[in-house]
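What's in structure.tsv: TSV, C-alpha atoms and all ligand atoms
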chain	number	residue	atom	x	y	z
J	1	MET	CA	36.35	-10.46	27.68
J	2	GLY	CA	35.48	-7.23	25.84
J	3	ILE	CA	32.17	-5.86	24.64
J	4	ILE	CA	32.68	-6.86	21.00
J	5	LYS	CA	32.03	-10.54	20.39
J	6	ASP	CA	34.57	-12.59	18.41
J	7	ASP	CA	32.03	-13.62	15.81
J	8	VAL	CA	31.29	-9.91	15.06
J	9	LEU	CA	35.00	-9.17	14.65
J	10	ASN	CA	35.52	-12.27	12.50
J	11	LYS	CA	32.55	-11.38	10.32
J	12	TYR	CA	33.92	-7.87	9.78
J	13	ASN	CA	37.49	-9.04	9.12
J	14	ASN	CA	36.32	-11.66	6.61
J	15	PHE	CA	34.12	-9.15	4.85
J	16	ILE	CA	36.97	-6.62	4.57
J	17	SER	CA	39.58	-9.11	3.41
J	18	GLU	CA	37.22	-10.38	0.67
J	19	LEU	CA	36.58	-6.81	-0.39
J	20	LYS	CA	40.31	-6.01	-0.50
J	21	LYS	CA	40.85	-9.01	-2.76
J	22	GLU	CA	38.13	-7.74	-5.10
J	23	ILE	CA	39.83	-4.35	-5.21
J	24	GLU	CA	43.17	-5.90	-6.08
J	25	GLU	CA	41.48	-7.72	-8.95
J	26	LEU	CA	40.36	-4.42	-10.46
J	27	GLU	CA	43.81	-4.05	-12.05
J	28	HIS	CA	43.87	-4.61	-15.84
J	29	LYS	CA	40.13	-5.15	-16.14
J	30	PRO	CA	38.54	-4.13	-19.45
J	31	ASN	CA	36.34	-1.02	-19.31
J	32	GLN	CA	32.91	-2.61	-19.06
J	33	GLU	CA	33.96	-5.19	-16.50
J	34	LEU	CA	35.78	-2.55	-14.47
J	35	LYS	CA	32.65	-0.40	-14.34
J	36	GLU	CA	30.60	-3.33	-13.04
J	37	LYS	CA	33.22	-4.29	-10.45
J	38	ILE	CA	33.52	-0.70	-9.19
J	39	ASN	CA	29.75	-0.58	-8.71
J	40	ASN	CA	29.88	-3.86	-6.78
J	41	VAL	CA	32.58	-2.54	-4.45
J	42	LYS	CA	30.59	0.67	-3.92
J	43	LYS	CA	27.54	-1.34	-2.91
J	44	LYS	CA	29.66	-3.28	-0.43
J	45	VAL	CA	31.02	-0.05	1.07
J	46	GLU	CA	27.41	1.06	1.61
J	47	LEU	CA	26.78	-2.30	3.25
J	48	ILE	CA	29.70	-1.72	5.67
J	49	LYS	CA	28.23	1.66	6.54
J	50	SER	CA	24.74	0.37	7.15
J	51	GLU	CA	25.51	-3.03	8.68
J	52	PHE	CA	28.66	-2.37	10.69
J	53	LEU	CA	28.92	1.36	11.28
J	54	LYS	CA	25.27	2.20	11.82
J	55	GLY	CA	24.01	-1.27	12.79
J	56	ILE	CA	26.62	-2.96	14.96
J	57	VAL	CA	28.40	0.11	16.34
J	58	SER	CA	25.07	1.77	17.30
J	59	GLN	CA	23.99	-1.48	18.90
J	60	LEU	CA	27.26	-1.65	20.89
J	61	LEU	CA	26.80	1.93	22.06
J	62	ARG	CA	23.33	1.06	23.28
J	63	GLU	CA	24.78	-1.94	25.15
J	64	LEU	CA	27.50	0.30	26.61
J	65	SER	CA	24.89	2.46	28.32
J	66	LYS	CA	23.68	-0.65	30.17
J	67	THR	CA	27.08	-1.98	31.32
J	68	GLU	CA	28.70	-1.63	34.74
J	69	PRO	CA	30.17	1.90	35.20
J	70	SER	CA	33.59	0.32	35.95
J	71	ASN	CA	33.68	-1.26	32.44
J	72	LYS	CA	32.36	1.75	30.58
J	73	LYS	CA	35.70	3.43	29.87
J	74	GLU	CA	37.41	0.28	28.59
J	75	PHE	CA	34.38	-0.83	26.53
J	76	GLY	CA	33.90	2.68	25.20
J	77	GLN	CA	37.51	2.75	24.00
J	78	GLU	CA	37.05	-0.67	22.44
J	79	ILE	CA	33.96	0.48	20.50
J	80	ASN	CA	35.71	3.70	19.40
J	81	LYS	CA	38.69	1.74	18.16
J	82	PHE	CA	36.43	-0.60	16.20
J	83	LYS	CA	34.56	2.41	14.76
J	84	GLU	CA	37.87	4.03	13.76
J	85	ILE	CA	39.01	0.82	12.04
J	86	ILE	CA	35.76	0.68	10.05
J	87	GLU	CA	35.93	4.39	9.11
J	88	ASN	CA	39.57	4.01	8.12
J	89	ASP	CA	38.79	1.01	5.92
J	90	ILE	CA	35.88	2.87	4.28
J	91	ARG	CA	38.14	5.89	3.59
J	92	LYS	CA	40.91	3.79	2.04
J	93	ILE	CA	38.53	1.76	-0.12
J	94	THR	CA	36.67	4.89	-1.27
J	95	GLN	CA	39.98	6.50	-2.27
J	96	LYS	CA	40.97	3.45	-4.31
J	97	ILE	CA	37.58	3.33	-6.00
J	98	GLU	CA	37.67	7.04	-6.85
J	99	LYS	CA	41.12	6.55	-8.36
J	100	LYS	CA	39.81	3.68	-10.51
J	101	GLU	CA	36.83	5.77	-11.61
J	102	ARG	CA	39.18	8.59	-12.70
J	103	GLU	CA	41.26	6.05	-14.61
J	104	LEU	CA	38.14	4.75	-16.31
J	105	LYS	CA	37.11	8.26	-17.33
J	106	TYR	CA	40.43	8.96	-19.06
J	107	ARG	CA	41.03	5.49	-20.42
J	108	PHE	CA	41.04	5.15	-24.20
J	109	ASN	CA	37.82	3.74	-25.37
J	110	PHE	CA	39.25	0.52	-26.64
J	111	ASP	CA	39.79	-2.72	-24.99
J	112	LEU	CA	43.19	-4.31	-25.41
J	113	SER	CA	42.15	-7.39	-23.52
J	114	ILE	CA	39.39	-8.32	-25.97
J	115	LYS	CA	39.82	-11.71	-27.58
J	116	PHE	CA	39.71	-10.57	-31.16
J	117	LEU	CA	39.02	-13.18	-33.83
J	118	PRO	CA	40.86	-15.73	-31.68
J	119	ASP	CA	40.89	-18.57	-34.20
J	120	THR	CA	41.50	-16.52	-37.35
J	121	PRO	CA	45.07	-16.21	-38.57
J	122	GLY	CA	46.09	-12.97	-40.33
J	123	LYS	CA	45.81	-12.81	-44.10
J	124	LEU	CA	47.42	-10.91	-46.91
J	125	HIS	CA	45.55	-7.83	-48.06
J	126	ILE	CA	43.76	-8.31	-51.38
J	127	LEU	CA	46.01	-5.72	-53.06
J	128	THR	CA	49.06	-7.69	-51.93
J	129	ILE	CA	47.52	-10.89	-53.26
J	130	VAL	CA	46.80	-9.27	-56.64
J	131	GLN	CA	50.32	-7.85	-56.82
J	132	LYS	CA	51.84	-11.25	-56.01
J	133	ASN	CA	49.70	-12.95	-58.66
J	134	LEU	CA	50.60	-10.33	-61.27
J	135	MET	CA	54.28	-10.71	-60.44
J	136	ASN	CA	54.00	-14.49	-60.85
J	137	VAL	CA	52.34	-14.12	-64.27
J	138	PHE	CA	54.95	-11.66	-65.54
J	139	ALA	CA	57.78	-13.74	-64.09
J	140	GLU	CA	56.44	-16.70	-66.10
J	141	LEU	CA	56.54	-14.45	-69.17
J	142	GLY	CA	60.24	-13.80	-68.56
J	143	PHE	CA	60.02	-10.38	-66.86
J	144	GLU	CA	62.49	-9.43	-64.16
J	145	ILE	CA	60.89	-7.76	-61.09
J	146	ILE	CA	62.61	-4.56	-59.98
J	147	ASP	CA	61.79	-2.52	-56.87
J	148	GLY	CA	60.67	1.06	-57.33
J	149	ILE	CA	60.88	4.35	-55.48
J	150	GLU	CA	57.94	6.56	-54.55
J	151	ILE	CA	59.71	9.79	-53.61
J	152	GLU	CA	60.80	11.26	-56.89
J	153	ASP	CA	61.97	14.42	-58.60
J	154	GLU	CA	60.29	16.19	-61.46
J	155	TYR	CA	62.98	15.10	-63.91
J	156	HIS	CA	62.38	11.36	-63.51
J	157	ASN	CA	58.61	11.62	-63.12
J	158	PHE	CA	58.05	14.08	-65.98
J	159	GLU	CA	60.88	15.62	-68.01
J	160	ALA	CA	62.83	12.47	-68.84
J	161	LEU	CA	59.51	10.95	-69.93
J	162	ASN	CA	59.02	13.74	-72.44
J	163	ILE	CA	56.64	15.73	-70.24
J	164	PRO	CA	58.23	19.21	-70.01
J	165	ALA	CA	57.09	21.78	-67.42
J	166	ASP	CA	54.53	23.40	-69.73
J	167	HIS	CA	53.06	20.13	-71.03
J	168	PRO	CA	49.26	19.87	-70.55
J	169	ALA	CA	49.64	16.27	-69.27
J	170	ARG	CA	51.17	17.75	-66.10
J	171	ASP	CA	47.68	18.83	-65.00
J	172	MET	CA	46.30	15.33	-65.38
J	173	TRP	CA	49.28	13.93	-63.48
J	174	ASP	CA	49.47	16.63	-60.84
J	175	THR	CA	50.84	15.37	-57.54
J	176	PHE	CA	52.06	16.29	-54.05
J	177	TYR	CA	55.09	18.58	-54.00
J	178	PHE	CA	57.40	19.09	-51.03
J	179	SER	CA	60.80	20.71	-50.55
J	180	GLY	CA	62.67	17.44	-51.19
J	181	GLY	CA	60.82	16.51	-54.40
J	182	ILE	CA	57.47	15.02	-55.36
J	183	LEU	CA	55.51	11.82	-54.87
J	184	ARG	CA	55.55	9.91	-58.16
J	185	THR	CA	52.36	10.00	-60.20
J	186	HIS	CA	53.01	6.75	-62.03
J	187	THR	CA	55.42	3.84	-62.07
J	188	SER	CA	56.78	5.05	-65.44
J	189	ASN	CA	59.50	6.85	-63.44
J	190	MET	CA	61.09	3.41	-63.11
J	191	GLN	CA	61.69	3.19	-66.86
J	192	ILE	CA	64.12	6.08	-66.43
J	193	ARG	CA	65.61	4.97	-63.11
J	194	ILE	CA	66.28	1.44	-64.36
J	195	LEU	CA	67.51	2.39	-67.83
J	196	LYS	CA	70.00	4.84	-66.38
J	197	THR	CA	71.95	1.94	-64.89
J	198	ARG	CA	70.95	-1.03	-67.03
J	199	LYS	CA	71.34	-1.35	-70.77
J	200	PRO	CA	69.33	-3.51	-73.20
J	201	PRO	CA	68.35	-6.21	-73.62
J	202	ILE	CA	66.05	-5.75	-70.65
J	203	LYS	CA	62.58	-6.98	-69.87
J	204	ALA	CA	61.29	-5.87	-66.47
J	205	ILE	CA	58.29	-4.92	-64.39
J	206	SER	CA	58.17	-2.60	-61.40
J	207	LEU	CA	55.15	-2.00	-59.20
J	208	GLY	CA	54.15	0.04	-56.20
J	209	LYS	CA	52.38	3.10	-54.87
J	210	CYS	CA	51.63	6.24	-56.88
J	211	TYR	CA	50.07	9.52	-55.83
J	212	ARG	CA	47.92	12.09	-57.59
J	213	ARG	CA	46.02	15.22	-56.73
J	214	ASP	CA	42.79	13.35	-57.39
J	215	ASN	CA	39.68	13.54	-55.24
J	216	MET	CA	38.47	10.30	-53.71
J	217	ASP	CA	35.54	8.66	-55.45
J	218	ALA	CA	34.50	5.11	-56.31
J	219	THR	CA	37.33	4.69	-58.86
J	220	HIS	CA	39.93	7.26	-57.80
J	221	SER	CA	42.19	7.73	-54.85
J	222	PHE	CA	45.02	10.16	-54.12
J	223	GLN	CA	47.16	7.09	-53.44
J	224	PHE	CA	46.95	3.92	-55.50
J	225	HIS	CA	49.17	1.24	-57.06
J	226	GLN	CA	50.43	0.70	-60.58
J	227	LEU	CA	52.40	-1.94	-62.40
J	228	GLU	CA	54.79	-0.83	-65.14
J	229	GLY	CA	56.33	-3.21	-67.63
J	230	PHE	CA	58.78	-2.67	-70.45
J	231	SER	CA	61.02	-4.56	-72.79
J	232	ILE	CA	63.88	-3.12	-74.85
J	233	ASP	CA	66.07	-4.90	-77.35
J	234	GLU	CA	67.07	-4.73	-80.98
J	235	LYS	CA	64.03	-5.06	-83.26
J	236	ILE	CA	61.28	-5.03	-80.61
J	237	ASN	CA	58.05	-4.07	-82.34
J	238	PHE	CA	54.38	-3.44	-81.66
J	239	LEU	CA	53.52	-7.07	-82.31
J	240	ASP	CA	55.80	-8.10	-79.42
J	241	LEU	CA	53.79	-5.78	-77.19
J	242	VAL	CA	50.47	-7.19	-78.38
J	243	ARG	CA	51.68	-10.77	-78.03
J	244	THR	CA	53.01	-10.17	-74.49
J	245	LEU	CA	49.79	-8.52	-73.33
J	246	TYR	CA	47.70	-11.29	-74.93
J	247	LYS	CA	49.66	-13.86	-72.95
J	248	PHE	CA	49.29	-11.85	-69.76
J	249	VAL	CA	45.51	-11.49	-70.22
J	250	HIS	CA	45.02	-15.17	-70.98
J	251	LYS	CA	47.03	-16.25	-67.96
J	252	TYR	CA	45.48	-13.77	-65.54
J	253	PHE	CA	41.89	-13.35	-66.75
J	254	GLY	CA	41.34	-16.67	-68.50
J	255	PRO	CA	42.06	-18.19	-71.94
J	256	ASN	CA	38.79	-17.05	-73.52
J	257	THR	CA	39.34	-13.36	-72.80
J	258	LYS	CA	39.57	-11.22	-75.95
J	259	VAL	CA	41.80	-8.16	-76.28
J	260	ASN	CA	41.18	-4.88	-78.06
J	261	PHE	CA	43.56	-1.98	-78.70
J	262	VAL	CA	42.47	1.59	-79.45
J	263	PRO	CA	44.83	4.45	-80.28
J	264	SER	CA	45.67	6.76	-77.40
J	265	TYR	CA	48.25	9.30	-76.38
J	266	PHE	CA	51.06	9.21	-73.83
J	267	PRO	CA	54.05	11.58	-74.20
J	268	PHE	CA	56.49	8.73	-73.44
J	269	THR	CA	55.18	6.20	-75.99
J	270	GLU	CA	54.75	6.55	-79.74
J	271	PRO	CA	52.47	5.12	-81.01
J	272	SER	CA	50.31	4.73	-77.90
J	273	ALA	CA	47.26	2.63	-77.22
J	274	GLU	CA	44.77	1.72	-74.57
J	275	MET	CA	44.01	-1.93	-74.15
J	276	SER	CA	40.60	-3.31	-73.21
J	277	ILE	CA	39.64	-6.89	-72.49
J	278	SER	CA	36.32	-8.58	-73.19
J	279	CYS	CA	34.08	-8.60	-70.13
J	280	PHE	CA	34.82	-11.88	-68.38
J	281	TYR	CA	31.53	-11.63	-66.48
J	282	CYS	CA	28.94	-11.17	-69.22
J	283	SER	CA	30.93	-11.30	-72.52
J	284	GLY	CA	28.86	-8.30	-73.59
J	285	GLN	CA	25.62	-10.23	-73.14
J	286	LYS	CA	24.14	-8.18	-70.31
J	287	ASN	CA	23.11	-4.56	-70.81
J	288	ASP	CA	23.11	-3.95	-67.04
J	289	CYS	CA	26.49	-5.64	-66.32
J	290	SER	CA	28.00	-3.76	-63.35
J	291	VAL	CA	31.54	-4.35	-64.65
J	292	CYS	CA	31.43	-3.41	-68.37
J	293	LYS	CA	28.18	-1.38	-68.24
J	294	GLY	CA	26.92	-3.40	-71.20
J	295	SER	CA	29.74	-2.41	-73.58
J	296	GLY	CA	31.35	-5.86	-73.42
J	297	TRP	CA	34.81	-4.27	-72.96
J	298	ILE	CA	36.83	-3.21	-69.94
J	299	GLU	CA	39.79	-0.86	-70.32
J	300	ILE	CA	42.71	-2.11	-68.26
J	301	LEU	CA	45.94	-0.45	-69.30
J	302	GLY	CA	47.87	2.12	-71.30
J	303	CYS	CA	50.75	1.04	-73.53
J	304	GLY	CA	52.85	1.80	-76.58
J	305	MET	CA	56.30	1.80	-78.15
J	306	ILE	CA	58.79	3.72	-76.01
J	307	ASN	CA	59.27	7.17	-77.52
J	308	PRO	CA	62.79	7.52	-79.06
J	309	ILE	CA	63.10	10.79	-77.12
J	310	VAL	CA	62.87	8.79	-73.88
J	311	LEU	CA	65.49	6.29	-75.10
J	312	LYS	CA	67.84	9.17	-75.94
J	313	ASN	CA	67.27	10.65	-72.45
J	314	VAL	CA	68.72	7.45	-70.96
J	315	ASP	CA	71.57	7.21	-73.48
J	316	ILE	CA	70.13	4.34	-75.48
J	317	ASP	CA	70.54	4.62	-79.23
J	318	PRO	CA	67.00	4.60	-80.75
J	319	GLU	CA	68.47	3.67	-84.14
J	320	LYS	CA	69.70	0.41	-82.67
J	321	PHE	CA	67.18	-0.35	-79.93
J	322	SER	CA	63.44	-0.16	-79.60
J	323	GLY	CA	61.05	-1.14	-76.84
J	324	PHE	CA	57.52	-1.30	-75.61
J	325	ALA	CA	56.01	-0.23	-72.28
J	326	PHE	CA	52.70	-0.64	-70.52
J	327	GLY	CA	51.20	0.53	-67.25
J	328	MET	CA	48.13	-0.57	-65.35
J	329	GLY	CA	46.30	0.41	-62.14
J	330	ILE	CA	46.43	-2.47	-59.68
J	331	GLU	CA	43.28	-1.41	-57.79
J	332	ARG	CA	41.44	-1.40	-61.13
J	333	ILE	CA	42.62	-4.92	-61.91
J	334	ALA	CA	41.60	-6.08	-58.41
J	335	MET	CA	38.19	-4.36	-58.68
J	336	LEU	CA	37.51	-6.06	-62.00
J	337	LYS	CA	38.75	-9.47	-61.04
J	338	TYR	CA	36.96	-9.59	-57.67
J	339	LYS	CA	33.94	-7.38	-58.51
J	340	ILE	CA	34.81	-4.80	-55.86
J	341	PRO	CA	32.53	-1.82	-56.50
J	342	ASP	CA	34.43	0.96	-54.71
J	343	ILE	CA	38.19	1.64	-54.51
J	344	ARG	CA	37.79	3.05	-50.98
J	345	MET	CA	37.02	-0.45	-49.68
J	346	PHE	CA	40.71	-1.35	-50.09
J	347	TYR	CA	41.85	1.27	-47.61
J	348	GLN	CA	39.19	1.17	-44.91
J	349	ASN	CA	40.70	-1.74	-42.98
J	350	TYR	CA	37.45	-3.60	-42.52
J	351	VAL	CA	38.56	-6.97	-41.22
J	352	GLU	CA	35.44	-8.60	-42.68
J	353	PHE	CA	36.35	-7.28	-46.15
J	354	ASN	CA	39.95	-8.45	-45.85
J	355	GLN	CA	38.81	-11.88	-44.68
J	356	LEU	CA	36.88	-12.41	-47.91
J	357	TRP	CA	39.95	-13.02	-50.04
J	358	ARG	CA	42.18	-16.04	-49.85
A	401	LIG	C1	49.71	6.21	-66.76
A	401	LIG	O1	49.87	6.45	-65.56
A	401	LIG	C2	50.83	5.77	-67.64
A	401	LIG	N1	52.08	5.95	-66.96
A	401	LIG	C3	50.62	4.31	-68.09
A	401	LIG	C4	51.54	3.89	-69.20
A	401	LIG	C5	52.73	3.27	-68.90
A	401	LIG	C6	51.19	4.16	-70.53
A	401	LIG	C7	53.60	2.90	-69.95
A	401	LIG	C8	52.04	3.80	-71.55
A	401	LIG	C9	53.23	3.16	-71.27
A	401	LIG	P1	47.15	6.61	-66.60
A	401	LIG	O2	47.19	7.99	-66.06
A	401	LIG	O3	46.06	6.31	-67.57
A	401	LIG	O4	48.49	6.20	-67.34
A	401	LIG	O5	47.06	5.59	-65.38
A	401	LIG	C10	47.11	4.21	-65.58
A	401	LIG	C11	46.12	3.52	-64.64
A	401	LIG	O6	46.36	3.92	-63.31
A	401	LIG	C12	44.66	3.91	-64.90
A	401	LIG	O7	44.11	3.17	-65.93
A	401	LIG	C13	44.03	3.59	-63.59
A	401	LIG	O8	43.73	2.23	-63.50
A	401	LIG	C14	45.15	3.90	-62.60
A	401	LIG	N2	44.91	5.22	-61.98
A	401	LIG	C15	45.22	6.44	-62.44
A	401	LIG	N3	44.83	7.40	-61.57
A	401	LIG	C16	44.26	6.78	-60.54
A	401	LIG	C17	43.66	7.21	-59.30
A	401	LIG	N4	43.60	8.48	-58.96
A	401	LIG	N5	43.17	6.26	-58.48
A	401	LIG	C18	43.26	4.95	-58.80
A	401	LIG	N6	43.81	4.47	-59.93
A	401	LIG	C19	44.31	5.37	-60.79

Whole structure, structure tokens version:
Amino acid sequence: MGIIKDDVLNKYNNFISELKKEIEELEHKPNQELKEKINNVKKKVELIKSEFLKGIVSQLLRELSKTEPSNKKEFGQEINKFKEIIENDIRKITQKIEKKERELKYRFNFDLSIKFLPDTPGKLHILTIVQKNLMNVFAELGFEIIDGIEIEDEYHNFEALNIPADHPARDMWDTFYFSGGILRTHTSNMQIRILKTRKPPIKAISLGKCYRRDNMDATHSFQFHQLEGFSIDEKINFLDLVRTLYKFVHKYFGPNTKVNFVPSYFPFTEPSAEMSISCFYCSGQKNDCSVCKGSGWIEILGCGMINPIVLKNVDIDPEKFSGFAFGMGIERIAMLKYKIPDIRMFYQNYVEFNQLWR
């Protein structure tokens, strides 16, 4: 029978094995929980020091002084061994805790274990929804949908569209240049790309990202989306353009929407026009309408008859064929349709914003 009672040893062993389990459970804990658990373990280490090391061991040493001299050596060794075990356990636990604290300090400040919107399935982004709806409308109107390319060269983005190097429109459509080419400023590049390999009759749309050296504000971004449409055949005229756009507007914005054309200028169309639609929120009845600003009209796209120079550039005989083209900003359409006040909202990845649209 030694000096240390079984119930003291059992109490210590149980305490330590519980604590070791807690330490094992520290793995893969999220930051906040890990911090709390580390503090718990630290408190328990202090408890070992005060209760076992200072309390019980000091008590045993006091008892040792009162025991028979013949037992002193053996009991003394027993107490020392117990003390060593406790000190060893404290050292190992403290090392583990310090390691966890270091980990916590350098951990990224995000929590991969968080249960994020657990019952909410992912949704399409509003710009994707608008693009899909636009594609459906134009498909119903008999347009083929052709993929586009964003990395371009100056020839397809400018020159072939009758915008030579010294043309003032180059400033307005300035973009990002790099050694391999440029990022396209509009989807009109696809008129050239498609017509180089396909010959009329053709009626197609192409949509995707465009880039400009524009500063970000509520209606501009350096990266945005456009939809380009064109139709070329024998005897295509301006009325075909007007009729097509009427049908598009009625299908997409509603049958009561009115359309207005005003003359404009684009180097690749002649004549050119800008098309506005009647405000589908206030019909021009509200002076403080946030969408049309009281004018009753909202400008939505540029259009015109394809310039014969462009047709010649893609080896199409302008004496035999004619065509129309139009181009619109997809963010602008989405902003109008869903009353989104700032273009930057599309790109900020706010889940709450994305969840609004179905
Ligand atoms: C063009 O880009 C012509 N290519 C459109 C066209 C095609 C005309 C075919 C005739 C025939 P414009 O620069 O106006 O035109 O741009 C068209 C639309 O793109 C604008 O009305 C606007 O909605 C959108 N847009 C232009 N720049 C930006 C920008 N920085 N941020 C967001 N949208 C933009």

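If only C-alpha atoms are the atoms counted, then among J:Asn31, J:Asn215, J:Ser276, J:Ser70 the closest residue to Leu245 (chain J) is J:Ser276.
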
key: Distance query Asn349 (chain J) at most 12 Å, only C-alpha atoms, self and fewer than 6 positions along chain excluded, as a list in words   = His125, Ile126 and Gln355 of chain J

Keeping only C-alpha atoms, write the selected residues to a file as an mmCIF file, in the coordinates of the input.
data_model
loop_
_atom_site.group_PDB
_atom_site.id
_atom_site.type_symbol
_atom_site.label_atom_id
_atom_site.label_comp_id
_atom_site.auth_asym_id
_atom_site.auth_seq_id
_atom_site.Cartn_x
_atom_site.Cartn_y
_atom_site.Cartn_z
ATOM 1 C CA HIS J 125 45.550 -7.830 -48.060
ATOM 2 C CA ILE J 126 43.760 -8.310 -51.380
ATOM 3 C CA GLN J 355 38.810 -11.880 -44.680
#

task = Would you list the residues that come within 6 Å of ligand LIG 401 (chain A)? Count all atoms listed in the file and give the answer as a list of chain:residue names.
result = J:His186, J:Ser188, J:Arg212, J:Asp214, J:Thr219, J:His220, J:Ser221, J:Phe222, J:Phe224, J:Gln226, J:Glu228, J:Phe266, J:Thr269, J:Ile300, J:Leu301, J:Gly302, J:Cys303, J:Gly304, J:Ala325, J:Phe326, J:Gly327, J:Met328, J:Gly329, J:Arg332

Applying 10 Å and only C-alpha atoms, which residues near Gly76 (chain J) remain after dropping the ones on its own chain fewer than 5 positions away? List them as a PDB file with C-alpha atoms, keeping the file's coordinate frame.
ATOM      1  CA  ILE J   3      32.170  -5.860  24.640  1.00  0.00           C
ATOM      2  CA  LEU J  60      27.260  -1.650  20.890  1.00  0.00           C
ATOM      3  CA  LEU J  61      26.800   1.930  22.060  1.00  0.00           C
ATOM      4  CA  LEU J  64      27.500   0.300  26.610  1.00  0.00           C
ATOM      5  CA  SER J  65      24.890   2.460  28.320  1.00  0.00           C
ATOM      6  CA  ASN J  71      33.680  -1.260  32.440  1.00  0.00           C
ATOM      7  CA  LYS J  81      38.690   1.740  18.160  1.00  0.00           C
ATOM      8  CA  PHE J  82      36.430  -0.600  16.200  1.00  0.00           C
TER       9      PHE J  82
END

inquiry  = Would you compute the distance between CA of Ile151 (chain J) and CA of Lys209 (chain J)? Give it in Å to one decimal.
reply    =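 Interatomic distance, CA of Ile151 (chain J) to CA of Lys209 (chain J): 10.0 Å.
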
Neighbour list for Leu9 (chain J) as a PyMOL selection string, cut-off 12 Å, only C-alpha atoms, skip fewer than 4 positions in-chain = chain J and resi 2-5+13-16+52+56-57+78-79+82-83+85-86

task = Excluding region 161-166 of chain J and any residue of its chain fewer than 3 positions from it, enumerate the residues within 9 Å of it, using only C-alpha atoms, and give them as a list in words.
result =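 Skipping anything fewer than 3 positions along the chain leaves Glu154, Tyr155, His156, Asn157, Phe158, Ala169, Arg170, Ser188, Asn189, Gln191, Ile192, Pro267, Phe268, Thr269, Asn307, Ile309, Val310 and Asn313 of chain J.
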
Please report, as JSON, the centre and edge lengths in Å to one decimal of an axis-aligned box covering all listed atoms of region 49-57 of chain J with 8 Å per side.
{"center_x": 26.5, "center_y": -0.4, "center_z": 11.4, "size_x": 20.9, "size_y": 21.2, "size_z": 25.8}

ask   = Contacts of Phe248 (chain J) at 9 Å or less, counting all atoms listed in the file, minus same-chain residues fewer than 5 places along, as a PyMOL selection string?
value = chain J and resi 134+137-138+141+243+253

message = I need the residue nearest Glu63 (chain J) from this list: J:Ala334, J:Ser50, J:Lys312, J:Phe75. Use all atoms listed in the file for the distance.
response =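 Looking only at the distances to Glu63 (chain J), the closest residue turns out to be J:Phe75.
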
request  = Using CA of Lys320 (chain J) and CA of Ile306 (chain J) as the two end points, give the distance in Å to one decimal.
outcome  = 13.2 Å

ask   = For Glu22 (chain J), which residue among J:Asn39, J:Thr185, J:Thr175, J:Asn136 is the nearest when counting all atoms listed in the file?
value = J:Asn39

task = Figure out the distance between CA of Glu331 (chain J) and CA of Leu356 (chain J), please, to one decimal in Å.
result = 16.1 Å

ask   = Counting all atoms listed in the file, which of J:Leu53, J:Leu195, J:Ile129, J:Lys99 gets nearest to Asn80 (chain J)?
value =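 Ranked by minimum distance to Asn80 (chain J), first place goes to J:Leu53.
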
Sel. within 6 Å of pt (51.3, 8.5, -52.9), counting only C-alpha atoms, output as a ChimeraX atom specification = /J:183,209-211,223

key: Minimum-distance residue to Ile93 (chain J), chosen among J:Cys279, J:Ala139, J:Val45, J:Leu239 (using all atoms listed in the file)   =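 Residue with the minimum atom-to-atom distance to Ile93 (chain J): J:Val45.
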
remark   = One residue among J:Ala273, J:Leu336, J:Ile298, J:Met190 is nearest to Phe230 (chain J) when using only C-alpha atoms, and that residue is J:Met190
